[in-house]
>>> print(open('my_file.cif').read())   # mmCIF, C-alpha atoms, pLDDT in the B column; chains and numbers go by the auth columns
data_protein
#
loop_
_atom_site.group_PDB
_atom_site.id
_atom_site.type_symbol
_atom_site.label_atom_id
_atom_site.label_comp_id
_atom_site.label_asym_id
_atom_site.label_seq_id
_atom_site.Cartn_x
_atom_site.Cartn_y
_atom_site.Cartn_z
_atom_site.B_iso_or_equiv
_atom_site.auth_seq_id
_atom_site.auth_asym_id
ATOM 1 C CA MET A 1 10.904 -0.770 -15.298 75.00 205 A
ATOM 2 C CA LYS A 2 7.912 -2.282 -13.497 80.00 206 A
ATOM 3 C CA THR A 3 7.231 -1.844 -9.784 80.00 207 A
ATOM 4 C CA ASP A 4 7.838 -5.502 -8.934 82.00 208 A
ATOM 5 C CA GLU A 5 11.203 -5.336 -10.752 86.00 209 A
ATOM 6 C CA ILE A 6 12.155 -2.259 -8.709 87.00 210 A
ATOM 7 C CA ILE A 7 11.167 -4.001 -5.474 86.00 211 A
ATOM 8 C CA ALA A 8 13.171 -7.110 -6.449 89.00 212 A
ATOM 9 C CA GLY A 9 16.217 -4.934 -7.192 90.00 213 A
ATOM 10 C CA LEU A 10 15.915 -3.099 -3.878 89.00 214 A
ATOM 11 C CA LEU A 11 15.542 -6.413 -2.063 89.00 215 A
ATOM 12 C CA ASP A 12 18.730 -7.705 -3.722 91.00 216 A
ATOM 13 C CA LEU A 13 20.559 -4.544 -2.629 89.00 217 A
ATOM 14 C CA ALA A 14 19.209 -4.947 0.914 89.00 218 A
ATOM 15 C CA LYS A 15 20.442 -8.560 1.040 89.00 219 A
ATOM 16 C CA ASP A 16 23.888 -7.410 -0.120 88.00 220 A
ATOM 17 C CA ARG A 17 24.036 -4.721 2.569 86.00 221 A
ATOM 18 C CA GLU A 18 22.891 -7.215 5.198 86.00 222 A
ATOM 19 C CA SER A 19 25.670 -9.632 4.269 85.00 223 A
ATOM 20 C CA PHE A 20 28.213 -6.764 4.435 81.00 224 A
ATOM 21 C CA PHE A 21 27.266 -5.619 7.935 79.00 225 A
ATOM 22 C CA ARG A 22 27.123 -9.207 9.199 80.00 226 A
ATOM 23 C CA GLU A 23 30.563 -10.044 7.678 79.00 227 A
ATOM 24 C CA ASP A 24 32.234 -6.749 8.618 69.00 228 A
ATOM 25 C CA GLY A 25 31.504 -6.896 12.313 69.00 229 A
ATOM 26 C CA ASP A 26 28.228 -4.990 12.440 68.00 230 A
ATOM 27 C CA ASP A 27 29.227 -2.088 10.160 74.00 231 A
ATOM 28 C CA GLU A 28 26.853 0.826 10.889 82.00 232 A
ATOM 29 C CA VAL A 29 26.919 2.263 7.346 83.00 233 A
ATOM 30 C CA PHE A 30 25.744 -1.010 5.799 83.00 234 A
ATOM 31 C CA ARG A 31 23.208 -1.493 8.610 84.00 235 A
ATOM 32 C CA HIS A 32 21.818 1.988 7.868 88.00 236 A
ATOM 33 C CA ASP A 33 21.689 1.280 4.096 88.00 237 A
ATOM 34 C CA TYR A 34 19.888 -1.999 4.805 87.00 238 A
ATOM 35 C CA ALA A 35 17.247 -0.252 6.945 89.00 239 A
ATOM 36 C CA VAL A 36 16.721 2.486 4.336 89.00 240 A
ATOM 37 C CA LEU A 37 16.284 -0.063 1.541 88.00 241 A
ATOM 38 C CA LEU A 38 13.740 -2.068 3.564 89.00 242 A
ATOM 39 C CA GLY A 39 11.885 1.176 4.322 87.00 243 A
ATOM 40 C CA ALA A 40 11.795 2.077 0.634 87.00 244 A
ATOM 41 C CA ILE A 41 10.405 -1.360 -0.230 86.00 245 A
ATOM 42 C CA SER A 42 7.703 -0.962 2.413 84.00 246 A
ATOM 43 C CA ILE A 43 6.676 2.465 1.083 81.00 247 A
ATOM 44 C CA ILE A 44 6.535 1.266 -2.522 83.00 248 A
ATOM 45 C CA GLU A 45 4.515 -1.818 -1.599 79.00 249 A
ATOM 46 C CA SER A 46 2.004 0.206 0.429 77.00 250 A
ATOM 47 C CA CYS A 47 1.350 2.637 -2.465 80.00 251 A
ATOM 48 C CA GLN A 48 0.128 0.124 -5.017 84.00 252 A
ATOM 49 C CA TRP A 49 -3.366 -0.652 -6.238 88.00 253 A
ATOM 50 C CA THR A 50 -4.153 -4.279 -5.434 89.00 254 A
ATOM 51 C CA PRO A 51 -6.723 -6.135 -7.537 91.00 255 A
ATOM 52 C CA VAL A 52 -9.378 -7.742 -5.307 92.00 256 A
ATOM 53 C CA SER A 53 -8.820 -10.953 -7.272 93.00 257 A
ATOM 54 C CA GLU A 54 -5.272 -11.101 -5.822 91.00 258 A
ATOM 55 C CA ASP A 55 -5.772 -10.011 -2.207 90.00 259 A
ATOM 56 C CA LEU A 56 -8.149 -8.289 0.208 90.00 260 A
ATOM 57 C CA PRO A 57 -7.224 -5.904 3.039 87.00 261 A
ATOM 58 C CA LYS A 58 -6.661 -7.402 6.475 82.00 262 A
ATOM 59 C CA GLU A 59 -7.951 -4.318 8.324 77.00 263 A
ATOM 60 C CA PRO A 60 -11.697 -3.511 8.208 76.00 264 A
ATOM 61 C CA TYR A 61 -11.079 0.163 7.351 74.00 265 A
ATOM 62 C CA GLY A 62 -8.665 2.580 5.731 80.00 266 A
ATOM 63 C CA CYS A 63 -8.622 1.867 1.989 86.00 267 A
ATOM 64 C CA LEU A 64 -9.098 3.849 -1.161 87.00 268 A
ATOM 65 C CA VAL A 65 -11.090 1.817 -3.655 89.00 269 A
ATOM 66 C CA ILE A 66 -11.771 1.760 -7.378 89.00 270 A
ATOM 67 C CA ILE A 67 -15.210 0.628 -8.484 88.00 271 A
ATOM 68 C CA GLU A 68 -16.510 -0.541 -11.828 88.00 272 A
ATOM 69 C CA VAL A 69 -19.542 1.335 -13.148 86.00 273 A
ATOM 70 C CA ASP A 70 -21.117 1.757 -16.552 85.00 274 A
ATOM 71 C CA ASP A 71 -20.421 5.003 -18.378 83.00 275 A
ATOM 72 C CA TYR A 72 -23.067 6.934 -20.310 85.00 276 A
ATOM 73 C CA LYS A 73 -22.730 4.469 -23.215 87.00 277 A
ATOM 74 C CA GLY A 74 -23.238 1.458 -20.947 85.00 278 A
ATOM 75 C CA GLU A 75 -19.567 0.476 -21.160 87.00 279 A
ATOM 76 C CA PRO A 76 -17.782 -0.625 -17.960 85.00 280 A
ATOM 77 C CA LYS A 77 -15.401 1.984 -16.550 88.00 281 A
ATOM 78 C CA GLU A 78 -13.205 2.026 -13.434 86.00 282 A
ATOM 79 C CA VAL A 79 -13.670 5.041 -11.132 87.00 283 A
ATOM 80 C CA LEU A 80 -11.933 6.079 -7.907 85.00 284 A
ATOM 81 C CA LEU A 81 -14.452 6.502 -5.072 80.00 285 A
ATOM 82 C CA PRO A 82 -14.195 9.945 -3.427 70.00 286 A
ATOM 83 C CA TYR A 83 -14.082 8.435 0.074 75.00 287 A
ATOM 84 C CA TYR A 84 -12.347 5.583 1.797 79.00 288 A
ATOM 85 C CA ALA A 85 -13.772 2.154 2.490 86.00 289 A
ATOM 86 C CA GLY A 86 -12.920 -1.054 4.270 87.00 290 A
ATOM 87 C CA TYR A 87 -13.451 -4.779 3.944 89.00 291 A
ATOM 88 C CA ASP A 88 -14.843 -6.520 7.035 88.00 292 A
ATOM 89 C CA GLY A 89 -14.139 -10.040 5.828 88.00 293 A
ATOM 90 C CA GLN A 90 -17.481 -10.391 4.053 89.00 294 A
ATOM 91 C CA GLN A 91 -18.328 -7.111 2.347 90.00 295 A
ATOM 92 C CA TRP A 92 -17.015 -3.646 1.548 90.00 296 A
ATOM 93 C CA ASN A 93 -18.294 -0.757 3.693 89.00 297 A
ATOM 94 C CA ASP A 94 -17.866 3.007 3.519 85.00 298 A
ATOM 95 C CA GLU A 95 -16.717 5.164 6.450 82.00 299 A
ATOM 96 C CA ASP A 96 -20.307 5.242 7.809 85.00 300 A
ATOM 97 C CA GLY A 97 -20.568 1.438 7.795 85.00 301 A
ATOM 98 C CA CYS A 98 -22.893 1.335 4.775 87.00 302 A
ATOM 99 C CA ILE A 99 -22.352 -1.414 2.216 89.00 303 A
ATOM 100 C CA VAL A 100 -20.593 -0.284 -0.966 86.00 304 A
ATOM 101 C CA ARG A 101 -22.801 -1.633 -3.769 81.00 305 A
ATOM 102 C CA PRO A 102 -20.782 -1.127 -6.974 82.00 306 A
ATOM 103 C CA GLU A 103 -18.231 -3.821 -7.741 86.00 307 A
ATOM 104 C CA ILE A 104 -14.852 -2.939 -6.239 90.00 308 A
ATOM 105 C CA THR A 105 -12.003 -3.942 -8.543 91.00 309 A
ATOM 106 C CA ARG A 106 -8.901 -2.556 -6.756 91.00 310 A
ATOM 107 C CA TRP A 107 -7.916 -1.181 -3.372 90.00 311 A
ATOM 108 C CA MET A 108 -4.985 0.656 -1.778 88.00 312 A
ATOM 109 C CA ARG A 109 -4.095 1.125 1.878 83.00 313 A
ATOM 110 C CA LEU A 110 -4.262 4.731 3.082 80.00 314 A
ATOM 111 C CA PRO A 111 -0.860 6.317 3.718 74.00 315 A
ATOM 112 C CA ASN A 112 0.299 7.002 7.263 71.00 316 A
ATOM 113 C CA ALA A 113 -0.409 10.395 8.764 69.00 317 A
ATOM 114 C CA PRO A 114 2.495 12.892 8.772 73.00 318 A
ATOM 115 C CA GLU A 115 4.924 12.296 11.639 71.00 319 A
ATOM 116 C CA LYS A 116 4.140 15.702 13.208 66.00 320 A
ATOM 117 C CA LEU A 117 0.440 14.841 13.450 63.00 321 A
ATOM 118 C CA LEU A 118 1.230 11.472 14.993 62.00 322 A
ATOM 119 C CA ARG A 119 3.321 13.252 17.639 67.00 323 A
ATOM 120 C CA GLY A 120 0.536 15.804 18.260 70.00 324 A
ATOM 121 C CA GLU A 121 2.513 18.754 16.861 67.00 325 A
ATOM 122 C CA SER A 122 1.107 21.440 14.590 65.00 326 A
ATOM 123 C CA GLU A 123 2.618 22.452 11.261 60.00 327 A
#
>>> encode(input="my_file.cif", output="C-alpha coordinates")
Amino acid sequence: MKTDEIIAGLLDLAKDRESFFREDGDDEVFRHDYAVLLGAISIIESCQWTPVSEDLPKEPYGCLVIIEVDDYKGEPKEVLLPYYAGYDGQQWNDEDGCIVRPEITRWMRLPNAPEKLLRGESE
(Lines of atoms letter the chains of each structure in order from A and count residues from 1; the text may use other names and numbers.)
(Lines give C-alpha, C1' and ligand atoms only; values in the text may rest on other atoms or scores of the structure.)
Protein backbone atom coordinates (compact mmCIF):
# COMPACT_ATOMS: atom_id res chain seq x y z
CA MET A 1 0.00 0.00 0.00
CA LYS A 2 1.36 3.43 -0.93
CA THR A 3 1.71 6.31 1.52
CA ASP A 4 -0.96 8.45 -0.14
CA GLU A 5 -3.38 5.49 0.02
CA ILE A 6 -2.66 5.10 3.75
CA ILE A 7 -3.24 8.82 4.33
CA ALA A 8 -6.52 8.70 2.36
CA GLY A 9 -7.67 5.71 4.44
CA LEU A 10 -6.79 7.44 7.71
CA LEU A 11 -8.59 10.58 6.54
CA ASP A 12 -11.71 8.53 5.77
CA LEU A 13 -11.55 7.00 9.26
CA ALA A 14 -11.11 10.46 10.80
CA LYS A 15 -14.17 11.75 8.92
CA ASP A 16 -16.19 8.77 10.20
CA ARG A 17 -15.11 9.42 13.79
CA GLU A 18 -15.91 13.12 13.42
CA SER A 19 -19.43 12.34 12.22
CA PHE A 20 -19.90 9.93 15.17
CA PHE A 21 -18.91 12.43 17.86
CA ARG A 22 -20.98 15.18 16.24
CA GLU A 23 -24.07 12.90 15.96
CA ASP A 24 -23.68 11.26 19.37
CA GLY A 25 -23.61 14.43 21.41
CA ASP A 26 -19.88 15.07 21.56
CA ASP A 27 -18.77 11.50 22.38
CA GLU A 28 -15.28 11.70 23.92
CA VAL A 29 -14.08 8.32 22.60
CA PHE A 30 -14.79 9.27 18.99
CA ARG A 31 -13.34 12.76 19.56
CA HIS A 32 -10.15 11.14 20.89
CA ASP A 33 -9.98 8.71 17.92
CA TYR A 34 -10.46 11.64 15.54
CA ALA A 35 -7.58 13.58 17.13
CA VAL A 36 -5.28 10.53 17.06
CA LEU A 37 -6.03 9.87 13.39
CA LEU A 38 -5.34 13.50 12.43
CA GLY A 39 -2.08 13.33 14.41
CA ALA A 40 -1.05 10.17 12.58
CA ILE A 41 -1.76 11.81 9.22
CA SER A 42 0.35 14.82 10.21
CA ILE A 43 3.29 12.62 11.25
CA ILE A 44 3.16 10.56 8.06
CA GLU A 45 2.95 13.65 5.87
CA SER A 46 5.90 15.32 7.61
CA CYS A 47 8.16 12.26 7.11
CA GLN A 48 8.04 12.12 3.33
CA TRP A 49 10.60 13.15 0.74
CA THR A 50 9.08 15.87 -1.44
CA PRO A 51 10.38 16.34 -4.98
CA VAL A 52 11.36 19.99 -5.57
CA SER A 53 9.33 19.82 -8.79
CA GLU A 54 6.18 19.39 -6.64
CA ASP A 55 6.76 21.80 -3.75
CA LEU A 56 9.38 23.84 -1.90
CA PRO A 57 9.64 24.39 1.86
CA LYS A 58 7.91 27.44 3.31
CA GLU A 59 10.48 27.91 6.09
CA PRO A 60 14.01 29.12 5.18
CA TYR A 61 15.69 26.41 7.30
CA GLY A 62 15.29 22.94 8.74
CA CYS A 63 15.31 20.46 5.84
CA LEU A 64 17.20 17.35 4.94
CA VAL A 65 17.98 17.36 1.24
CA ILE A 66 18.95 14.90 -1.47
CA ILE A 67 21.25 16.16 -4.20
CA GLU A 68 22.05 14.81 -7.63
CA VAL A 69 25.74 14.27 -8.35
CA ASP A 70 27.68 12.22 -10.86
CA ASP A 71 29.17 8.96 -9.63
CA TYR A 72 32.66 7.76 -10.56
CA LYS A 73 31.34 6.63 -13.97
CA GLY A 74 29.77 10.02 -14.69
CA GLU A 75 26.25 8.69 -14.14
CA PRO A 76 23.78 10.82 -12.14
CA LYS A 77 23.15 9.54 -8.61
CA GLU A 78 21.01 10.87 -5.75
CA VAL A 79 22.81 11.35 -2.42
CA LEU A 80 21.59 12.48 1.00
CA LEU A 81 23.54 15.53 2.21
CA PRO A 82 25.08 14.98 5.66
CA TYR A 83 23.71 18.29 6.97
CA TYR A 84 20.47 20.19 6.83
CA ALA A 85 19.60 23.01 4.48
CA GLY A 86 16.88 25.52 3.81
CA TYR A 87 15.24 27.32 0.92
CA ASP A 88 15.01 31.11 1.26
CA GLY A 89 12.59 31.60 -1.61
CA GLN A 90 15.33 31.94 -4.22
CA GLN A 91 18.09 29.45 -3.45
CA TRP A 92 19.08 26.57 -1.19
CA ASN A 93 21.49 27.36 1.66
CA ASP A 94 23.30 25.21 4.21
CA GLU A 95 23.23 25.84 7.98
CA ASP A 96 26.03 28.44 7.60
CA GLY A 97 24.09 30.39 4.96
CA CYS A 98 26.30 29.22 2.08
CA ILE A 99 24.61 28.39 -1.22
CA VAL A 100 24.20 24.67 -1.89
CA ARG A 101 25.58 24.21 -5.42
CA PRO A 102 24.61 20.65 -6.43
CA GLU A 103 21.10 20.24 -7.79
CA ILE A 104 18.66 19.42 -4.99
CA THR A 105 16.05 16.90 -6.11
CA ARG A 106 14.09 16.17 -2.89
CA TRP A 107 13.66 17.60 0.59
CA MET A 108 12.11 16.59 3.92
CA ARG A 109 11.21 18.70 6.94
CA LEU A 110 13.24 17.93 10.06
CA PRO A 111 11.29 16.11 12.77
CA ASN A 112 10.30 17.92 15.96
CA ALA A 113 12.62 17.71 18.93
CA PRO A 114 11.67 15.20 21.67
CA GLU A 115 9.00 16.55 24.02
CA LYS A 116 11.38 16.43 27.02
CA LEU A 117 13.88 18.69 25.25
CA LEU A 118 11.14 21.13 24.30
CA ARG A 119 10.12 21.31 27.97
CA GLY A 120 13.76 21.79 29.05
CA GLU A 121 13.99 18.42 30.83
CA SER A 122 16.94 16.04 30.63
CA GLU A 123 16.68 12.38 29.69
>>> atom_distance(input="my_file.cif", atom1="atom CA of A:Ile308", atom2="atom CA of A:Tyr291")
10.4 Å
>>> residues_around(input="my_file.cif", residues="A:Arg305", least_positions_apart="3", cutoff="10 Å", atoms="all atoms listed in the file", output="JSON, numbers by chain")
{"A": [271, 295, 296, 297, 298, 302, 308]}
>>> write_last_selection(input="my_file.cif", atoms="C-alpha atoms", output="PDB file, in the frame of the given file")
ATOM      1  CA  ILE A 271     -15.210   0.628  -8.484  1.00 88.00           C
ATOM      2  CA  GLN A 295     -18.328  -7.111   2.347  1.00 90.00           C
ATOM      3  CA  TRP A 296     -17.015  -3.646   1.548  1.00 90.00           C
ATOM      4  CA  ASN A 297     -18.294  -0.757   3.693  1.00 89.00           C
ATOM      5  CA  ASP A 298     -17.866   3.007   3.519  1.00 85.00           C
ATOM      6  CA  CYS A 302     -22.893   1.335   4.775  1.00 87.00           C
ATOM      7  CA  ILE A 308     -14.852  -2.939  -6.239  1.00 90.00           C
TER       8      ILE A 308
END
>>> closest_residue(input="my_file.cif", among="A:Glu227, A:Glu299, A:Asp216, A:Glu249", to="A:Met312", atoms="all atoms listed in the file")
A:Glu249
>>> closest_residue(input="my_file.cif", among="A:Pro306, A:Ile270, A:Ile210, A:Leu242", to="A:Glu222", atoms="only C-alpha atoms")
A:Leu242
>>> closest_residue(input="my_file.cif", among="A:Lys277, A:Leu217, A:Tyr288, A:Cys251", to="A:Asp237", atoms="only C-alpha atoms")
A:Leu217
>>> resolve_selection(input="my_file.cif", expression="the PyMOL selection byres ((chain A and resi 313) around 10)", output="number ranges by chain")
A: 249-254, 261, 263, 265-269, 288-290, 311-312, 314-316
>>> atom_distance(input="my_file.cif", atom1="atom CA of A:Asp220", atom2="atom CA of A:Tyr238")
8.3 Å
>>> residues_around(input="my_file.cif", residues="A:Asp274", least_positions_apart="5", cutoff="12 Å", atoms="only C-alpha atoms", output="ChimeraX atom specification")
/A:279-283,306-307
>>> atom_distance(input="my_file.cif", atom1="atom CA of A:Ile245", atom2="atom CA of A:Leu214")
6.8 Å
>>> closest_residue(input="my_file.cif", among="A:Asp300, A:Glu319, A:Asp208, A:Asp292", to="A:Leu260", atoms="all atoms listed in the file")
A:Asp292
>>> closest_residue(input="my_file.cif", among="A:Phe224, A:Glu209, A:Arg310, A:Leu284", to="A:Pro255", atoms="all atoms listed in the file")
A:Arg310
